[in-house]
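The block underneath contains the structure these notes are about, expressed in structure tokens.
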Amino acid sequence: MNRWRSLLIFLSIIGPGIITASIDNDAGGITTYSVAGARYGYTLLWTLIPTTVALLVIQEMVARMGVVTGKGLSDLIRENYGVKTTFFMMIILLVANFGTTIAEFAGWAASMEILGLSKYIMVPLGAFLIWLLVTKGSYRLVEAALLIACLIYLGYIVSAFMAAPKWGEVLQSTLVPEIKLESEYIMLTIAIIGTTITPWMQFYLQSSIAEKGIKKENYKVTKFDVYIGCIMTDVIAFFIIVTCATTLFPHGIRINEAEEAATALAPFAGQYASLLFAVCLANASILGAIVVPLATAYYICEAMGWEAGVNKSFKEAPQFMWIYTALIAISALLVLIPHVPLVLVMILSSLLNGILLPFVLVFALLLVNNKRIMGQYTNPKRYNYISWGTVIIIVVLTAALIVMTVFPNVNKFIS
């Protein structure tokens, strides 16, 4: 009887960690990994090991805050650092996540066209269905749908095996770092880290844990959930890089988007591998289109002291529901308008996320080490060493990315 009770408790708690980390492999993430594999082969695989360690540390810390305080991250920032600081941070996050949501719908549109479906039908349909799921469904229903959809990511593992890589070379590149002092190599290294650890993840994970009402005594299960999610997301990233490195890199095929990778795979790995890649891209894009606006609605409402939650109705949480609705509707509409500078919007989004991430992590570290807030659950010293080290590395890499984006001529000096 106790075993069944433990299993039920486990199943009721599992979810936020796996969903948050998995959906970080969205359209932008898949594009980054595809480009990395196509342009540098297996060479960048080693970056996934330190990136996974950093992701594990940061996500565990944020999850612990959610369980102990029962509040979202923006809630805690507002309460401890004031409304003004929180307001400006939320404005930047809103703009950044708007660009990210557009990228998700762009990925959905592209994958639908690869599958032979019109984006003018599928983008509005996809937008309406995910709006219906979140605004009319319960938290449990949304979480269950997201968890089931996360399983589709396993298709990337299948497509990698269909590409028939040289596993000896894959293992060597994963364990033995090979660093190239080339601007494109450095930018892709930064992009891999930047697409894996994002500001919205921290807010969404803590908010979803708080809404789910997970108690301290069940934190071990949440910790397991977070660890599994972090490992899963980078395992999928690993296989995406391997697929493109095996099929596209030897033939010198350079790509700029994930949909180009899906199309280019067919002659080398077979039509089924190409189709599988496109289906997984569609899945990742639509999941990102659900969660990124949801995360945005969560942290803005928490920051402003408004009611928030998937379990709430339009009447109970009007701001939450309208922010979510507006983000989805406007993003989907922009993707359908010809000649809209989507690439510029996506670059701006990445830039803003890069600028904001260090601030979010510093606030999170200050909060998690505040005994008044966390009691006995503050970070031990070894966690702080790893956490602050991670923040410093991210700050340095983010600064490098911003310099390279704003001042492209810097690349000439590196190359």
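Scheme for the structure tokens: letters A, B, ... for chains in order shown; per-chain residue numbers from 1; ligand numbers from 1 in order shown.
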Task: Test item: residues at most 7 Å from A:Ile102, only C-alpha atoms, excluding those fewer than 5 positions along its chain, as a PyMOL selection string - done: chain A and resi 331-332+335
If you count only C-alpha atoms, which residues fall within 8 Å of A:Leu147, apart from same-chain ones fewer than 2 positions away, as an MDAnalysis selection string?
chainID A and resid 15 18:19 143:145 149:151
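Of the listed residues A:Tyr185, A:Tyr204, A:Tyr40, A:Phe88, the one whose atoms come nearest to A:Gly288 is A:Tyr204, with distances taken using only C-alpha atoms.
The closest residue to A:Arg78, picked from A:Ala297, A:Phe363, A:Met201, A:Ile394 and counting only C-alpha atoms, is A:Phe363.
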*asked:* Would you pick out the contacts of A:Val67 at 6 Å or less, using only C-alpha atoms, so that residues sharing its chain but fewer than 6 positions from it are not included, and give the list as a list in words?
replied: Ile214, Lys215 and Lys216 of chain A
From the list A:Ala63, A:Ala399, A:Leu352, A:Leu175, the nearest residue to A:Phe224 using only C-alpha atoms is A:Ala63
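When only C-alpha atoms are used to compute distances to A:Ala245, the closest of the residues A:Ser111, A:Asn369, A:Asn311, A:Ser173 turns out to be A:Ser173.
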Proximity check stretch 46-157 of chain A to stretch 299-303 of chain A, 10 Å, nearest pairs one decimal Å, only C-alpha atoms, as CSV:
```
residue,atom,partner,partner_atom,distance
A:Lys71,CA,A:Glu302,CA,8.6
A:Gly72,CA,A:Glu302,CA,6.9
A:Leu73,CA,A:Tyr299,CA,7.4
A:Ser74,CA,A:Ala303,CA,5.1
A:Asp75,CA,A:Glu302,CA,5.0
A:Leu76,CA,A:Ala303,CA,8.3
A:Ile77,CA,A:Ala303,CA,7.7
A:Arg78,CA,A:Ala303,CA,5.8
A:Glu79,CA,A:Ala303,CA,8.7
A:Gly82,CA,A:Ala303,CA,9.6
A:Val83,CA,A:Ala303,CA,7.4
A:Lys84,CA,A:Ala303,CA,10.0
A:Thr85,CA,A:Ala303,CA,9.9
A:Thr86,CA,A:Ala303,CA,6.3
A:Phe87,CA,A:Ala303,CA,7.1
A:Met89,CA,A:Ile300,CA,9.5
A:Met90,CA,A:Ile300,CA,6.1
A:Ile91,CA,A:Ile300,CA,8.5
A:Leu93,CA,A:Ile300,CA,8.9
A:Leu94,CA,A:Ile300,CA,8.0
```
